[in-house]
Structure formats: structure tokens, C-alpha cells
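Below you'll find the structure, written out as C-alpha cells, and then a few comments.
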Amino acid sequence: MSEEFDAVVIGSGINSLVASALLAQQGWQVLICESSSHVGGAIRTSTDTFDGFTVELLSSWHPLFVGGPAYATLGEELTRRGVTYLNTDTPTGVASADGSAILSTDPQTTARSLGAWGDDDAWNEVISEFGGKADLAFGLLGTDFWRPNSAGLAWKAFRQLGRRGLLASGAELLEPATPWLNRAFSSPVTRSLLAPWALHNGLGPDDAASAFITKVIAAAIAMGGMPVPRGGGRVVVNALSDIVKDAGGQVWTDSEVNRIDVVGGRARSVRLTDGRVARAKRAILASTTPAALYNGLLRATHVAPDRRAAAQAFRFGRAGMQIHIAMSEPPRWLDPQLGAAALVHVLDSVDSLAESVTAAAHGMLPRRPTIAVGQPLTVDPSRAPDGCGLLWIQLQENPRTPRGDLAGELTARGEWTDELREAYADRVVDQLSAHITNISSAQVDRLVLGPTELAAMNVNLVDGDPYSGDCRVDQFAAWRPLSLATGHATGIAGLWHIGASTHPGPGLGGGSGFLVAQRLLNPSRFRRRG
């Protein structure tokens, strides 16, 4: 059986949905092929995990999407289809060994919080300096480096900064977060407030470019808050899917693609494991890892040896873990101001963060992990019964293959067993109990998703890597996904590579889907094969 579409999209994550919706709005008939029964990729909203609760099992917060170009283009239509974003003026906070603080969208509230630690002037200086270059910073992350118009950003930077300023900014882009934080802020509390945000882009505080990422995310949150859609991310997934369907397209679930057919140097169709064939008249978009695309879906004869080698060399990063806790009452923080924050990082210090990142990279379970404690009810109270509490907990410093325990308490023999997963989650809850006094007494139910479970839920989360690839500088920007700096082009006409493994990287923003859709809808007269 064979059907024909204008475009066939492999995978149904945010990048696939954004690209498909943009193409569908311009009259393209699009087919989305999803190997699992679930549409949405890392957006996984569940209403049956805990009775009466709406739980985001994987990704939860949408600041990158709401603040990005995909939403700027699709937002009006999404609103028409019932998507309503809710927000908060207290997007984040920190509970550290040295004290606590919050970061607010209200500058005066932030000034009071950081002023208690002597860093209000330092924060204002950072925001003022970054604000003068914010358009360049966000432009760098959202630029399609492989189109002629990308030269416009370079020219703008040169005019704005000058030759010396441009060179200095290049060095600034590569600075690790730890030395920048130590130089910019006097208090370890302020440093602990900001440093963990680099983790959300897969970087540790001593990695090159982590200072830049920290500034970008902190500024985005300070300006835009921590928006979430009312009712969960599923409403966004459903709305984007409906745009495709209403334009004559289709979404196939339980439909695994095992081959992309290339004829005459052009990608022509995809073959599914059940024997179906879907022909693509204009384009095929693959939201996969590099190895899955170049060393799996494509026959070796259609891929240049250097591209196959580069795909095989693509590295994956640390593993993730999610802990969800339903509570009979709201969490009671030792510092009450943290009860209003959408996401609180709990850590001892920047030093403990660096120790945990290094431990995980070497196969060891961290002794005192950095814990991201999400409180979705602070933004969307409808996600739980009245009077209850809900914690969305994320850990980003886990070894993909655990070989030992830095604390010397748990036995790890090279795999994430159920016993190890639950025992490590107990360590995390015990660490949190010093800050959330009722985390154990008010617990009604708990679900722990370790690296093995994350990988089973989404094929692109290899070994539980939530970012579909190491995000250090040699695998970022122009060198993501391949060291050959090929961008989203694949070397095969009509075939494009999108997803978290590609530029501009992970995060619920839809950036790669947006960039490739723009290429297809607005082709340059300087055409590039692929």
C-alpha cells in the first residue's frame, strides 16, 4: 500500500509538529509518522499516573517555545484552537547550603531578594550588559548558519560591537560559568541561583560556553517567566496536530519507519516496518539522532563515508531522571518564599554541582545531586485536586552506565536496575526533606522514571540522555549535529535532519523545525543541494 504527500515527517516531537504545522498552513499535505502510540515526543502529559492529577512525565516548561519564532508565527492559530498559556512572576528560586533566593519577572522583587546577599547591583549590571547584546545572543541561537542571510547577523554584530568588541564577545561566548559567576557575584547564593540553568542545556559549570548559556536562560526567564499551557503540553500537541489534519494531512501512530528510499540522488519515500510506503513529492524531514539517520534509515550506498563516520562519532551526554510526587497538601518549604516559585533548584553550592557533573560523566552516582524541583501548580492549579500538592522533579547529573556511587552507599554494576533507580530516588527525597518539611509525610504516590524508562519512552533519548546528544561546544551551533558543519542538510536532495540532535539543540522550542520549514517555504536563490 502506498500513499503520496507533499512532505513526510519522521517523528512527532515539537520540531516535527512545528515544521508540519507551518507547511500545512501554506497548503502542504503532510504525513507525520510516529513509531510509538504517543504523539508529542518529550511532551508527555498523563492524567492516569495519579488519580485526579495532570502530570507532565517528561518536559514541562515552555519559555523557549513562547519566546521563540515558532510561537510568534503559530501563536494566534494555537490560541484560536484553545491553547492558553499561563505564567507566573516567580519563575525560579534556589535553596542552597548558604541560603535561598528567588528570581522574579518583577525587577524590584529580584532586587530585594539578591540585595539581601549584596548582589542586586551586580545582577542589574549583568542584565544591562546582556540586554545591550540580547538581540545578537538570541539571534545566534536562532540563526540558520547555512543560508546566505545569516551573514546579516555577522554584519550586525560587527557594526554594533566593532572589530575588537566582536573578538572580545567571541571569547565571552566560550567562557565557563564558574569563573564568570565568581567574578560577577559576591554571594555563593546568587551563584547557586544561576549556575544550574546551564544543566538545562546539557552543560556543566566548567564547560566552555556555559556562562553564555546561563546568561541567555536567566535573562529569558527574568523577562518571560515560566509559561505552561493550561491543561498540560498535550493541548499544544493536539492543536499542532489538528492544523496538519485540517489541511488534509495525516498523523500515523504505531508507524515505525525503517527505510528512506533514495532514487536518482533524491529522497523519494519512506518504508514502514508494516510494509506501507509513503511517497514524498517535495520533502522528507527526519527527527532522529545522527546515527539513526545516516547509519540506519539510509542505505550505506547513499551516504558519503565522511558523513557516516561523523554520525557514528556523535556523542551522547549524561542521563536524566524524573521523579513525580503527588501530595495531600502543598509542599511546605523551610523558606516560604520558595513555595511560589515554578522551579526551584536545590543544591549545596556551585562546587557540589561541578562535582556531580564530573561524577556522572565518569559513571558515578553523585553524592549530593543538583535537584530541579518543579511546582506546576504555582502556574496551573487545575492540574491537581483542590488542596493537594504536586512535585515535578528532574535530575540531570546521572551516569548513563552507573559503575559506582560517590557516596559509597549504593551498589551500581553497570545498569539501572529497578532497585538502584528507587534507592537513588530515596537519596534525592532525603536531600529535599531538609528544605521541604512535608515531602514524605504528605506523599500520596510516587513515580520514578530512570534513564532506562526515558529511553523506552522516546527512541531519541539514547541511554536516557534527555538532550539527544552531548551539548558541549564541539557538538553545538555550527557543529550540531555533525562535525562536518552541514547543518540540517543531509547531502541528499529533499531530505532534511531536524530534532534535538540538530541546531539549535535541545529545549522545547521547535527551533530546528522552524528553520527547516522556512527553508522549504522560502527557498533562497542560492540553492544548496539537500
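Identifiers in this document derive from the order of the C-alpha cells: chains are assigned A, B, ..., residues are numbered from 1 separately in each chain, and ligands are numbered from 1 in order of occurrence.
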
Could you give me, as JSON lines, every segment 194-246 of chain A residue with an atom at most 9 Å from segment 492-512 of chain A, plus its closest atom pair and distance in Å to one decimal, counting only C-alpha atoms, rows ordered by chain then number?
```
{"residue": "A:His200", "atom": "CA", "partner": "A:Gly507", "partner_atom": "CA", "distance": 7.9}
{"residue": "A:Asn201", "atom": "CA", "partner": "A:Pro506", "partner_atom": "CA", "distance": 6.8}
{"residue": "A:Gly202", "atom": "CA", "partner": "A:Pro506", "partner_atom": "CA", "distance": 8.4}
```

Could you save the residues just selected, with N, CA and C atoms, as a short mmCIF file (atom, residue, chain, number, x, y, z; two decimals), in the first residue's frame?
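The new file part_11.cif reads:
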```cif
data_model
loop_
_atom_site.label_atom_id
_atom_site.label_comp_id
_atom_site.auth_asym_id
_atom_site.auth_seq_id
_atom_site.Cartn_x
_atom_site.Cartn_y
_atom_site.Cartn_z
N HIS A 200 20.28 22.72 32.05
CA HIS A 200 19.10 22.56 31.21
C HIS A 200 19.43 22.68 29.72
N ASN A 201 20.67 22.95 29.44
CA ASN A 201 21.15 22.87 28.06
C ASN A 201 22.26 21.84 27.95
N GLY A 202 22.34 20.95 28.93
CA GLY A 202 23.28 19.84 28.89
C GLY A 202 24.71 20.18 29.28
#
```

Give me the residues of segment 420-467 of chain A that have any atom at most 12 Å from an atom of segment 43-65 of chain A; for each, the nearest atom pair and the distance in Å, rounded to one decimal. Use only C-alpha atoms, sort by chain and number, and format it as a tab-separated table.
```
residue	atom	partner	partner_atom	distance
A:Gln443	CA	A:Phe50	CA	11.5
A:Val444	CA	A:Phe50	CA	8.8
A:Asp445	CA	A:Phe50	CA	7.1
A:Arg446	CA	A:Phe50	CA	8.4
A:Leu447	CA	A:Thr49	CA	7.9
A:Val448	CA	A:Leu57	CA	9.6
A:Leu449	CA	A:Leu57	CA	8.3
A:Gly450	CA	A:Leu58	CA	11.1
A:Pro451	CA	A:Leu58	CA	11.7
A:Glu453	CA	A:Leu58	CA	10.8
A:Leu454	CA	A:Leu58	CA	8.2
A:Ala455	CA	A:Leu58	CA	11.4
A:Met457	CA	A:Arg44	CA	9.1
A:Asn458	CA	A:Arg44	CA	10.0
A:Leu461	CA	A:Leu58	CA	11.1
A:Gly464	CA	A:Leu58	CA	11.3
A:Asp465	CA	A:Leu58	CA	12.0
A:Pro466	CA	A:Leu58	CA	8.8
A:Tyr467	CA	A:Ser59	CA	10.9
```

Same residues, C-alpha atoms, saved as a tab-separated table (two decimals), in the first residue's frame:
```
chain	number	residue	atom	x	y	z
A	443	GLN	CA	3.26	11.94	49.87
A	444	VAL	CA	0.28	10.12	48.37
A	445	ASP	CA	2.07	8.42	45.48
A	446	ARG	CA	5.38	8.49	43.64
A	447	LEU	CA	6.63	7.62	40.17
A	448	VAL	CA	10.32	7.42	39.28
A	449	LEU	CA	11.46	7.34	35.66
A	450	GLY	CA	15.12	6.45	35.35
A	451	PRO	CA	17.36	6.50	32.26
A	453	GLU	CA	12.45	4.30	31.27
A	454	LEU	CA	13.24	7.58	29.48
A	455	ALA	CA	14.95	5.70	26.63
A	457	MET	CA	9.55	6.32	26.14
A	458	ASN	CA	11.42	8.11	23.34
A	461	LEU	CA	16.70	9.76	24.31
A	464	GLY	CA	18.30	8.29	28.89
A	465	ASP	CA	20.11	11.37	27.54
A	466	PRO	CA	17.29	13.98	27.70
A	467	TYR	CA	19.04	16.25	25.18
```

Excluding same-chain residues fewer than 5 positions from segment 337-342 of chain A, what lies within 8 Å of it counting only C-alpha atoms, as a PyMOL selection string? chain A and resi 88+90-94+101-102+226+331-332+374-379

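Checking A:Ala304, A:Ala434, A:Ile10, A:Ile393 one by one against Thr289 of chain A, counting only C-alpha atoms, you find the shortest gap at A:Ile10.
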
Can you tell me, as a PyMOL selection string, which residues in segment 180-423 of chain A count as helix (DSSP H, G or I) by DSSP? chain A and resi 180-184+188-201+210-224+234-246+290-297+300-302+305-313+336-340+350-361+376-378+381-383+418-423

Neighbours of Ala442 of chain A within 9 Å (only C-alpha atoms; same-chain residues fewer than 5 positions away dropped), as a compact mmCIF listing (two decimals) with N, CA and C atoms, in the first residue's frame?
```txt
# COMPACT_ATOMS: atom_id res chain seq x y z
N ALA A 326 2.89 12.98 44.10
CA ALA A 326 1.57 13.54 44.41
C ALA A 326 1.47 13.69 45.92
N MET A 327 0.95 14.85 46.37
CA MET A 327 0.92 15.15 47.80
C MET A 327 -0.50 15.51 48.24
N SER A 328 -0.79 15.22 49.48
CA SER A 328 -2.12 15.51 50.03
C SER A 328 -2.29 16.98 50.39
N GLU A 329 -1.20 17.72 50.37
CA GLU A 329 -1.21 19.14 50.67
C GLU A 329 -0.04 19.80 49.95
N PRO A 330 -0.06 21.11 49.82
CA PRO A 330 1.05 21.78 49.14
C PRO A 330 2.37 21.56 49.88
N PRO A 331 3.49 21.55 49.15
CA PRO A 331 4.79 21.41 49.80
C PRO A 331 5.07 22.58 50.74
N GLY A 389 -0.88 18.86 46.52
CA GLY A 389 0.40 19.33 46.01
C GLY A 389 0.93 18.39 44.94
```

I'd like to know which residues of segment 85-322 of chain A are strand (DSSP E) (by DSSP, run on the backbone); could you write them as a PyMOL selection string? chain A and resi 85-86+92-96+99-103+228-229+250-252+257-263+266-272+277-287+319-322

Residues within 10 Å of Val303 of chain A, please, as a VMD selection string. Count only C-alpha atoms; anything in the same chain fewer than 5 positions from it doesn't count. chain A and resid 293 to 295 298 308 to 309 490 to 492

Could you tell me how far atom CA of Ala280 of chain A sits from atom CA of Arg268 of chain A, in Å to one decimal place? 5.5 Å

Go through A:Glu125, A:Asp261, A:Asp306, A:Asp242 and flag the residue nearest Ala485 of chain A, using only C-alpha atoms for the distances. A:Asp306

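With only C-alpha atoms as the atoms that count, the residue of A:Thr190, A:Ser100, A:Thr214, A:Thr73 with the shortest distance to Asp119 of chain A is A:Thr190.
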
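Here atom CA of Ala267 of chain A is placed at a distance of 24.2 Å from atom CA of Pro148 of chain A.
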
If we count only C-alpha atoms, what is near Thr273 of chain A at a cut-off of 9 Å, once residues fewer than 6 positions away on the same chain are taken out, given as a list in words? Ser255, Glu256, Val257, Asn258 and Arg259 of chain A

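Shortest separation to Gly99 of chain A among A:Gly82, A:Gly11, A:Gly118, A:Pro188 occurs at residue A:Pro188, atoms counted being only C-alpha atoms.
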
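Residues with any atom within 6 Å of segment 414-431 of chain A, counting only C-alpha atoms and excluding same-chain neighbours fewer than 6 positions away, are A:Thr401, A:Pro402, A:Arg403.
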